[in-house]
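Following: one structure in structure tokens, then a few remarks.
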Amino acid sequence: MMASCKGRTKSVSMQLEGVVGLEIHAQIQARTKIFSDSAVHFLSPPNSLVSFFDASLPGTLPVLNRRCVEAAVMTGLALNCRINAKSFFDRKHYFYADLPAGYQITQQRRPVAVDGLLHYSVLGGKKRNQVLRKNIRIKQIQLEQDSGKSLHDDARGQTLVDLNRAGVGLMELVMEPDMTCGEEAAAAVRELQLILQALGTCQGNMSEGQLRVDANVSVHRPGEPLGVRTEVKNINSVRYLARAIDYEIRRQIDVVRRGGSVRNETRAYDSKSGTTVAMRDKEGLQDYRFMPEPNLPPLIVYEDPSRIPSGADVRQAVVVQSLRAKLPELPGVRRDRLVETYDVLPEHSFTLLNEEGLVEYFESVLKATSREPRKVIGWVTNELLAFLKQQDLNVSQSHVSPSSMAQLLELLEAGSISSSVAKQVFQEMWRCSGAKTASQIIHEQDLSLISDMEQVHVICAKVLDSHPHEVQAFRAGNKKVLNKLMGSVQKETKGRADPVAVRKILQDKISETMS
């Protein structure tokens with residue numbers, strides 16, 4: 001979830017504002033390519049996953065992968081699209097060295113899914129702690145094949161072609177220009193990532209090219225026609241997407257303010273300089289010479305089994321009703337359930353869902369402890385996540401299991417240890433990768449709360465005697481200095497004193513000296 005960017009991309013003098021639409025290529029999670037039986041694997045040796053069809057050898061024909069069709073239909077259903085019972089494949093002609101056929105098989109005339117809606121949220125309000133729900137219209141979702149990759153060897157002055165990716169199934173999602181800035185676009189893409197991952201239709205790993213984003217950016221005055229747009233191509237991270245769009249909006253506003261005209265062109269984002277750079281003029285629609293794909297019949301999907309013609313192979317039929325029944329709990333619904341069930345803050349529900357496996361970890365801890373969900377959520381989203389990010393690990397690689405964290409929190413709830421000691425114990429549990437339990441660490445390092453209250457009284461008196469200025473400040477009405485005094489006591493006791501008891505003892509002793 002991103003912060004709302006209302007007003008951040010407007011020009012004060014001319015009231016120009018940004019308009020953003022997205023085209024997203026999502027690599028379909030399938031074992032084989034969309035029109036051949038070549039396997040799909042990331043980081044395989046170059047040109048090791050190439051069939052005769054992928055290399056466009058004469059006489060080879062495409063065979064449509066049913067899995068890719070089902071993935072597109074499920075994605076369309078999750079995004080509230082209308083599924084076309086009949087759609088068509090087309091050839092889109094253009095020349096790249098890594099496109100052997102000289103054309104791409106896509107769906108230009110009638111795609112498989114149209115007229116959808118993506119729901120996403122951003123943070124708004126004065127303190128940016130209000131969840132604002134927004135929508136983006138999905139114009140269409142079309143099936144198509146990916147191209148290969150050109151690998152440029154600057155040292156030898158040559159370009160090498162790897163066709164492993166050629167023919168991998170893609171879903172192209174075309175979003176209407178319903179966004180106004182980079183943060184909204186980034187939030188929408190992150191929500192789409194979560195949806196695709198929940199569906200299992202795309203892994204959504206942008207660093208591996210499984211999700212590639214092109215941003216169409218223009219500026220205009222509200223109420224007037226949209227301005228000339230530029231396309232920022234192949235942005236491969238959510239963070240760079242926000243930066244690229246916001247820079248491009250600022251650049252276009254500056255061009256208009258200086259009396260210039262924005263060019264209809266394709267640009268690239270340079271992450272090092274934080275700027276976009278011109279690549280080429282935009283190709284017009286006519287440049288692609290679209291034509292029907294002669295080697296593929298119309299794609300037919302059926303609303304329910306009763307519509308499948310007699311004699312047809314039921315095993316090969318794609319049935320919308322069956323796929324709709326398989327839809328999992330989607331991220332938006334899941335967040336609402338977390339807030340309602342566990343009474344956590346909305347922003348906590350976003351944090352839980354943004355990390356794969358974190359919801360399951362959180363719920364596993366809850367099942368094994370008596371602590372309230374709001375107390376557990378802090379440990380999961382703060383302590384656990386901090387250690388995971390520090391070592392670049394995912395939740396499944398956590399050194400502390402949910403049951404181990406639950407045991408630690410139970411000891412904290414029972415008053416056996418202080419909160420500062422609990423964090424110290426968690427750190428030790430992480431270091432030894434679960435080899436020792438919380439109880440063992442507490443016993444070995446003598447970290448239990450001091451039960452001898454006379455000893456605590458003596459330490460508190462000692463701290464007060466050594467901090468006369470803080471005592472005087474407290475008497476003068478500065479209540480915050482009590483935290484410093486408590487910290488000194490905890491330092492003396494190595495965090496083993498009950499903070500509630502320490503606070504009361506310090507207050508009582510200061511009051512006694514005043515009377």
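Identifiers in this document derive from the order of the structure tokens: chains are assigned A, B, ..., residues are numbered from 1 separately in each chain, and ligands are numbered from 1 in order of occurrence.
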
- Task: Find the residues around segment 486-495 of chain A up to 8 Å (only C-alpha atoms counted), leave out those fewer than 4 positions away in its own chain, and share them as a list of chain:residue names.
- Result: A:Ser418, A:Ser420, A:Val421, A:Leu447, A:Ile459, A:Cys460, A:Val463, A:Leu482, A:Pro499, A:Val502, A:Arg503, A:Leu506

Save out the residues we just selected, C-alpha atoms, as a compact mmCIF listing (two decimals), in the first residue's frame.
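What follows is the written file out_11.txt:
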```txt
# COMPACT_ATOMS: atom_id res chain seq x y z
CA SER A 418 10.29 -7.90 30.60
CA SER A 420 13.26 -5.56 26.65
CA VAL A 421 14.48 -8.99 27.71
CA LEU A 447 17.10 -13.23 32.43
CA ILE A 459 18.45 -0.06 42.78
CA CYS A 460 15.72 2.54 42.26
CA VAL A 463 19.39 5.65 40.47
CA LEU A 482 10.72 9.36 34.30
CA PRO A 499 8.80 -1.90 34.26
CA VAL A 502 9.78 0.21 38.59
CA ARG A 503 7.61 3.12 37.46
CA LEU A 506 10.27 5.64 41.31
```

- Which neighbours of Tyr94 of chain A fall inside 10 Å, counting only C-alpha atoms, when residues of the same chain fewer than 4 positions from it are skipped, and could you give them as a ChimeraX atom specification? /A:99,101-104,287-290

Could you write out that same residue set with C-alpha atoms as a short mmCIF file (atom, residue, chain, number, x, y, z; two decimals), in the first residue's frame?
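Below is the file part.cif, written as the result:
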```
data_model
loop_
_atom_site.label_atom_id
_atom_site.label_comp_id
_atom_site.auth_asym_id
_atom_site.auth_seq_id
_atom_site.Cartn_x
_atom_site.Cartn_y
_atom_site.Cartn_z
CA LEU A 99 11.66 -12.38 -32.70
CA ALA A 101 9.11 -15.15 -37.07
CA GLY A 102 9.08 -11.39 -37.63
CA TYR A 103 5.68 -11.22 -35.93
CA GLN A 104 4.09 -11.88 -32.56
CA ASP A 287 3.16 0.03 -38.45
CA TYR A 288 2.33 -3.40 -37.04
CA ARG A 289 0.26 -4.58 -40.05
CA PHE A 290 -2.13 -6.64 -37.91
#
```

Which segment 143-217 of chain A residues have any atom within 9 Å of an atom of segment 349-356 of chain A, and for each, what is the nearest pair of atoms with distance in Å to one decimal, counting only C-alpha atoms, rows sorted by chain and number, as a Markdown table?
```
| residue | atom | partner | partner_atom | distance |
| --- | --- | --- | --- | --- |
| A:Arg190 | CA | A:Asn354 | CA | 8.3 |
| A:Glu191 | CA | A:Asn354 | CA | 8.9 |
| A:Leu194 | CA | A:Asn354 | CA | 7.5 |
```

- Pick out each residue of segment 194-363 of chain A that DSSP on the backbone tags as strand (DSSP E or B); I need them as a PyMOL selection string. chain A and resi 211-220+230-235+265-270+275-281+291-292+299-300+302+319

Those residues with N, CA, C and O atoms, as a compact mmCIF listing (two decimals), in the first residue's frame please?
```
# COMPACT_ATOMS: atom_id res chain seq x y z
N LEU A 211 6.98 -9.86 -14.55
CA LEU A 211 5.98 -8.78 -14.59
C LEU A 211 6.70 -7.53 -15.09
O LEU A 211 7.59 -7.02 -14.41
N ARG A 212 6.33 -7.07 -16.29
CA ARG A 212 6.99 -5.91 -16.89
C ARG A 212 5.95 -4.83 -17.15
O ARG A 212 4.88 -5.10 -17.69
N VAL A 213 6.29 -3.61 -16.78
CA VAL A 213 5.30 -2.53 -16.81
C VAL A 213 5.74 -1.44 -17.78
O VAL A 213 6.88 -0.98 -17.74
N ASP A 214 4.81 -1.03 -18.65
CA ASP A 214 4.97 0.16 -19.49
C ASP A 214 3.98 1.20 -18.99
O ASP A 214 2.79 0.89 -18.82
N ALA A 215 4.46 2.41 -18.77
CA ALA A 215 3.59 3.48 -18.26
C ALA A 215 3.33 4.52 -19.33
O ALA A 215 4.28 5.05 -19.93
N ASN A 216 2.05 4.79 -19.61
CA ASN A 216 1.66 5.86 -20.52
C ASN A 216 1.36 7.11 -19.70
O ASN A 216 0.44 7.11 -18.88
N VAL A 217 2.14 8.15 -19.92
CA VAL A 217 2.09 9.34 -19.06
C VAL A 217 1.80 10.58 -19.90
O VAL A 217 2.40 10.79 -20.96
N SER A 218 0.87 11.40 -19.43
CA SER A 218 0.60 12.69 -20.06
C SER A 218 0.21 13.68 -18.97
O SER A 218 0.02 13.30 -17.81
N VAL A 219 0.09 14.96 -19.35
CA VAL A 219 -0.38 15.98 -18.41
C VAL A 219 -1.47 16.81 -19.09
O VAL A 219 -1.49 16.93 -20.32
N HIS A 220 -2.37 17.33 -18.30
CA HIS A 220 -3.43 18.20 -18.83
C HIS A 220 -4.02 19.02 -17.69
O HIS A 220 -3.77 18.76 -16.52
N THR A 230 3.59 10.05 -23.49
CA THR A 230 4.81 9.31 -23.74
C THR A 230 4.67 7.94 -23.08
O THR A 230 3.89 7.77 -22.14
N GLU A 231 5.42 6.99 -23.57
CA GLU A 231 5.40 5.64 -22.99
C GLU A 231 6.77 5.35 -22.39
O GLU A 231 7.78 5.40 -23.09
N VAL A 232 6.80 5.08 -21.10
CA VAL A 232 8.04 4.69 -20.43
C VAL A 232 8.06 3.18 -20.36
O VAL A 232 7.21 2.56 -19.72
N LYS A 233 9.04 2.57 -21.02
CA LYS A 233 9.02 1.12 -21.28
C LYS A 233 9.75 0.30 -20.22
O LYS A 233 10.73 0.75 -19.61
N ASN A 234 9.24 -0.93 -20.05
CA ASN A 234 9.93 -2.01 -19.35
C ASN A 234 10.51 -1.63 -17.99
O ASN A 234 11.71 -1.78 -17.74
N ILE A 235 9.65 -1.12 -17.13
CA ILE A 235 10.07 -0.79 -15.76
C ILE A 235 9.97 -2.06 -14.93
O ILE A 235 8.92 -2.72 -14.90
N GLU A 265 6.43 9.79 -27.87
CA GLU A 265 7.63 8.98 -28.04
C GLU A 265 7.73 7.91 -26.96
O GLU A 265 7.00 7.93 -25.97
N THR A 266 8.65 6.99 -27.18
CA THR A 266 8.95 5.95 -26.21
C THR A 266 10.20 6.36 -25.45
O THR A 266 11.20 6.78 -26.05
N ARG A 267 10.14 6.24 -24.12
CA ARG A 267 11.27 6.63 -23.28
C ARG A 267 11.64 5.48 -22.35
O ARG A 267 10.85 4.56 -22.13
N ALA A 268 12.84 5.52 -21.82
CA ALA A 268 13.31 4.52 -20.87
C ALA A 268 13.68 5.22 -19.58
O ALA A 268 14.07 6.40 -19.58
N TYR A 269 13.57 4.48 -18.46
CA TYR A 269 13.93 5.07 -17.17
C TYR A 269 15.34 4.68 -16.80
O TYR A 269 15.72 3.50 -16.81
N ASP A 270 16.16 5.67 -16.48
CA ASP A 270 17.54 5.45 -16.03
C ASP A 270 17.55 5.55 -14.50
O ASP A 270 17.44 6.64 -13.94
N THR A 275 16.09 9.71 -14.14
CA THR A 275 15.42 10.43 -15.23
C THR A 275 14.95 9.45 -16.30
O THR A 275 15.36 8.30 -16.33
N THR A 276 14.07 9.96 -17.19
CA THR A 276 13.69 9.18 -18.36
C THR A 276 14.43 9.76 -19.57
O THR A 276 14.67 10.96 -19.65
N VAL A 277 14.80 8.87 -20.51
CA VAL A 277 15.55 9.29 -21.70
C VAL A 277 14.81 8.81 -22.94
O VAL A 277 14.21 7.73 -22.95
N ALA A 278 14.85 9.62 -24.00
CA ALA A 278 14.15 9.29 -25.24
C ALA A 278 14.80 8.08 -25.90
O ALA A 278 16.02 7.95 -25.96
N MET A 279 13.94 7.17 -26.44
CA MET A 279 14.43 6.00 -27.16
C MET A 279 14.08 6.09 -28.66
O MET A 279 14.93 5.96 -29.52
N ARG A 280 12.79 6.32 -28.96
CA ARG A 280 12.35 6.36 -30.36
C ARG A 280 10.96 6.96 -30.42
O ARG A 280 10.26 7.05 -29.42
N ASP A 281 10.56 7.39 -31.63
CA ASP A 281 9.20 7.85 -31.84
C ASP A 281 8.24 6.68 -31.70
O ASP A 281 8.58 5.53 -32.00
N MET A 291 -2.91 -8.73 -38.78
CA MET A 291 -3.71 -9.60 -39.64
C MET A 291 -4.14 -10.82 -38.83
O MET A 291 -3.50 -11.17 -37.84
N PRO A 292 -5.26 -11.46 -39.19
CA PRO A 292 -5.67 -12.67 -38.45
C PRO A 292 -4.61 -13.76 -38.53
O PRO A 292 -3.97 -13.94 -39.56
N LEU A 299 -10.70 -18.83 -30.43
CA LEU A 299 -10.62 -19.41 -29.09
C LEU A 299 -12.02 -19.38 -28.48
O LEU A 299 -12.60 -18.30 -28.30
N ILE A 300 -12.55 -20.54 -28.16
CA ILE A 300 -13.89 -20.66 -27.59
C ILE A 300 -13.78 -21.10 -26.14
O ILE A 300 -13.10 -22.08 -25.83
N TYR A 302 -16.39 -21.80 -22.62
CA TYR A 302 -17.80 -22.10 -22.35
C TYR A 302 -18.16 -21.63 -20.94
O TYR A 302 -17.41 -21.83 -19.99
N VAL A 319 -13.93 -24.08 -19.13
CA VAL A 319 -15.26 -23.79 -18.61
C VAL A 319 -15.16 -22.68 -17.56
O VAL A 319 -14.52 -22.85 -16.52
```

Near Gln130 of chain A, counting only C-alpha atoms, which residues have an atom at most 10 Å away, once you skip same-chain residues fewer than 4 positions from it, shown as a tab-separated table (two decimals) with all heavy atoms, in the first residue's frame?
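Contents of around31.tsv, as written:
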```tsv
chain	number	residue	atom	x	y	z
A	3	ALA	N	1.31	5.70	-0.12
A	3	ALA	CA	0.66	6.92	0.36
A	3	ALA	C	0.01	7.63	-0.81
A	3	ALA	O	0.48	7.60	-1.94
A	3	ALA	CB	1.69	7.82	1.02
A	4	SER	N	-1.11	8.27	-0.55
A	4	SER	CA	-1.81	9.01	-1.60
A	4	SER	C	-0.96	10.17	-2.07
A	4	SER	O	-0.27	10.81	-1.29
A	4	SER	CB	-3.15	9.53	-1.07
A	4	SER	OG	-3.76	10.38	-2.00
A	121	SER	N	-5.73	0.23	-2.87
A	121	SER	CA	-5.82	1.21	-1.78
A	121	SER	C	-4.53	2.00	-1.65
A	121	SER	O	-3.44	1.49	-1.94
A	121	SER	CB	-6.13	0.52	-0.45
A	121	SER	OG	-7.36	-0.17	-0.50
A	122	VAL	N	-4.67	3.24	-1.21
A	122	VAL	CA	-3.52	4.09	-0.88
A	122	VAL	C	-3.78	4.73	0.47
A	122	VAL	O	-4.92	4.77	0.94
A	122	VAL	CB	-3.28	5.18	-1.95
A	122	VAL	CG1	-2.89	4.58	-3.27
A	122	VAL	CG2	-4.52	6.07	-2.10
A	123	LEU	N	-2.71	5.24	1.09
A	123	LEU	CA	-2.86	5.95	2.36
A	123	LEU	C	-3.11	7.42	2.11
A	123	LEU	O	-2.43	8.05	1.29
A	123	LEU	CB	-1.59	5.78	3.20
A	123	LEU	CG	-1.40	4.44	3.89
A	123	LEU	CD1	-0.05	4.42	4.60
A	123	LEU	CD2	-2.51	4.14	4.86
A	124	GLY	N	-4.09	7.99	2.80
A	124	GLY	CA	-4.42	9.40	2.64
A	124	GLY	C	-4.71	10.04	3.98
A	124	GLY	O	-4.43	9.48	5.04
A	125	GLY	N	-5.31	11.23	3.94
A	125	GLY	CA	-5.58	11.97	5.17
A	125	GLY	C	-4.39	12.80	5.59
A	125	GLY	O	-3.28	12.67	5.07
A	126	LYS	N	-4.60	13.68	6.57
A	126	LYS	CA	-3.54	14.58	7.02
A	126	LYS	C	-2.34	13.81	7.56
A	126	LYS	O	-1.20	14.19	7.34
A	126	LYS	CB	-4.09	15.53	8.09
A	126	LYS	CG	-5.11	16.54	7.56
A	126	LYS	CD	-5.55	17.49	8.65
A	126	LYS	CE	-6.54	18.52	8.12
A	126	LYS	NZ	-7.00	19.44	9.18
A	346	PRO	N	-5.81	-1.36	9.63
A	346	PRO	CA	-5.79	-1.64	8.19
A	346	PRO	C	-4.37	-1.69	7.61
A	346	PRO	O	-4.06	-2.55	6.78
A	346	PRO	CB	-6.59	-0.49	7.59
A	346	PRO	CG	-7.53	-0.08	8.68
A	346	PRO	CD	-6.75	-0.26	9.95
A	347	GLU	N	-3.49	-0.78	8.08
A	347	GLU	CA	-2.13	-0.79	7.55
A	347	GLU	C	-1.38	-2.06	7.92
A	347	GLU	O	-0.51	-2.53	7.17
A	347	GLU	CB	-1.34	0.44	8.01
A	347	GLU	CG	-1.39	0.73	9.50
A	347	GLU	CD	-2.45	1.76	9.86
A	347	GLU	OE1	-3.57	1.70	9.31
A	347	GLU	OE2	-2.15	2.64	10.69
```

Which segment 8-79 of chain A residues have any atom within 10 Å of an atom of segment 159-175 of chain A, and for each, what is the nearest pair of atoms with distance in Å to one decimal, counting only C-alpha atoms, rows sorted by chain and number, as CSV?
```
residue,atom,partner,partner_atom,distance
A:Val20,CA,A:Met175,CA,9.1
A:Gly21,CA,A:Met175,CA,5.6
A:Leu22,CA,A:Met175,CA,5.1
A:Glu23,CA,A:Val174,CA,4.6
A:Ile24,CA,A:Leu173,CA,5.1
A:His25,CA,A:Glu172,CA,4.5
A:Ala26,CA,A:Met171,CA,5.1
A:Gln27,CA,A:Leu170,CA,4.6
A:Ile28,CA,A:Gly169,CA,5.4
A:Gln29,CA,A:Gly169,CA,8.2
A:Ala30,CA,A:Gly169,CA,7.9
A:Arg31,CA,A:Val168,CA,9.8
A:Thr32,CA,A:Val168,CA,7.5
A:Lys33,CA,A:Val168,CA,4.5
A:Ile34,CA,A:Gly169,CA,4.6
A:Phe35,CA,A:Gly167,CA,6.7
A:Ser36,CA,A:Gly167,CA,7.5
A:Asp37,CA,A:Gly167,CA,9.9
A:Ser38,CA,A:Gly167,CA,8.7
A:Ala39,CA,A:Asn164,CA,8.8
A:Val40,CA,A:Val168,CA,7.0
A:His41,CA,A:Asn164,CA,8.3
A:Phe42,CA,A:Arg165,CA,8.7
A:Leu43,CA,A:Asn164,CA,9.2
A:Ser44,CA,A:Asn164,CA,7.8
A:Pro45,CA,A:Asn164,CA,8.4
A:Pro46,CA,A:Asp162,CA,5.3
A:Asn47,CA,A:Asn164,CA,5.2
A:Ser48,CA,A:Asn164,CA,6.5
A:Leu49,CA,A:Asn164,CA,5.0
A:Val50,CA,A:Asn164,CA,5.7
A:Ser51,CA,A:Asn164,CA,9.2
A:Phe53,CA,A:Gly167,CA,8.6
A:Asp54,CA,A:Gly167,CA,5.9
A:Ala55,CA,A:Leu163,CA,7.4
A:Ser56,CA,A:Ala166,CA,10.0
A:Pro62,CA,A:Gly167,CA,9.9
A:Leu64,CA,A:Gly169,CA,9.9
A:Asn65,CA,A:Gly169,CA,8.6
A:Arg67,CA,A:Gly169,CA,9.6
A:Cys68,CA,A:Gly169,CA,6.5
A:Val69,CA,A:Gly169,CA,9.4
A:Ala71,CA,A:Met171,CA,8.6
A:Ala72,CA,A:Met171,CA,6.5
A:Thr75,CA,A:Met171,CA,9.0
A:Gly76,CA,A:Leu173,CA,9.4
```

- Item | A:Asp446, A:Asp508, A:Glu360, A:Glu340 ranked by distance to Ile417 of chain A, top pick (using only C-alpha atoms) | A:Asp446

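Using only C-alpha atoms, the shortest contact distance between Ser370 of chain A and any of A:Val262, A:His348, A:Leu338, A:Ala406 is found at A:Ala406.
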
- Task: Find the residues around Ala198 of chain A up to 9 Å (only C-alpha atoms counted), leave out those fewer than 4 positions away in its own chain, and share them as a list in words.
- Result: Gln193, Leu194, Cys202, Leu327, Pro328, Glu329, Leu330 and Pro331 of chain A

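If you look at atom CA of Asn483 of chain A and atom CA of Pro468 of chain A, they are 14.6 Å away from each other.
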
- Query: Interatomic distance between atom CA of Lys92 of chain A and atom CA of Pro111 of chain A?
  - Reply: 13.7 Å

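Straight-line separation from atom CA of Lys423 of chain A to atom CA of Leu408 of chain A: 9.4 Å.
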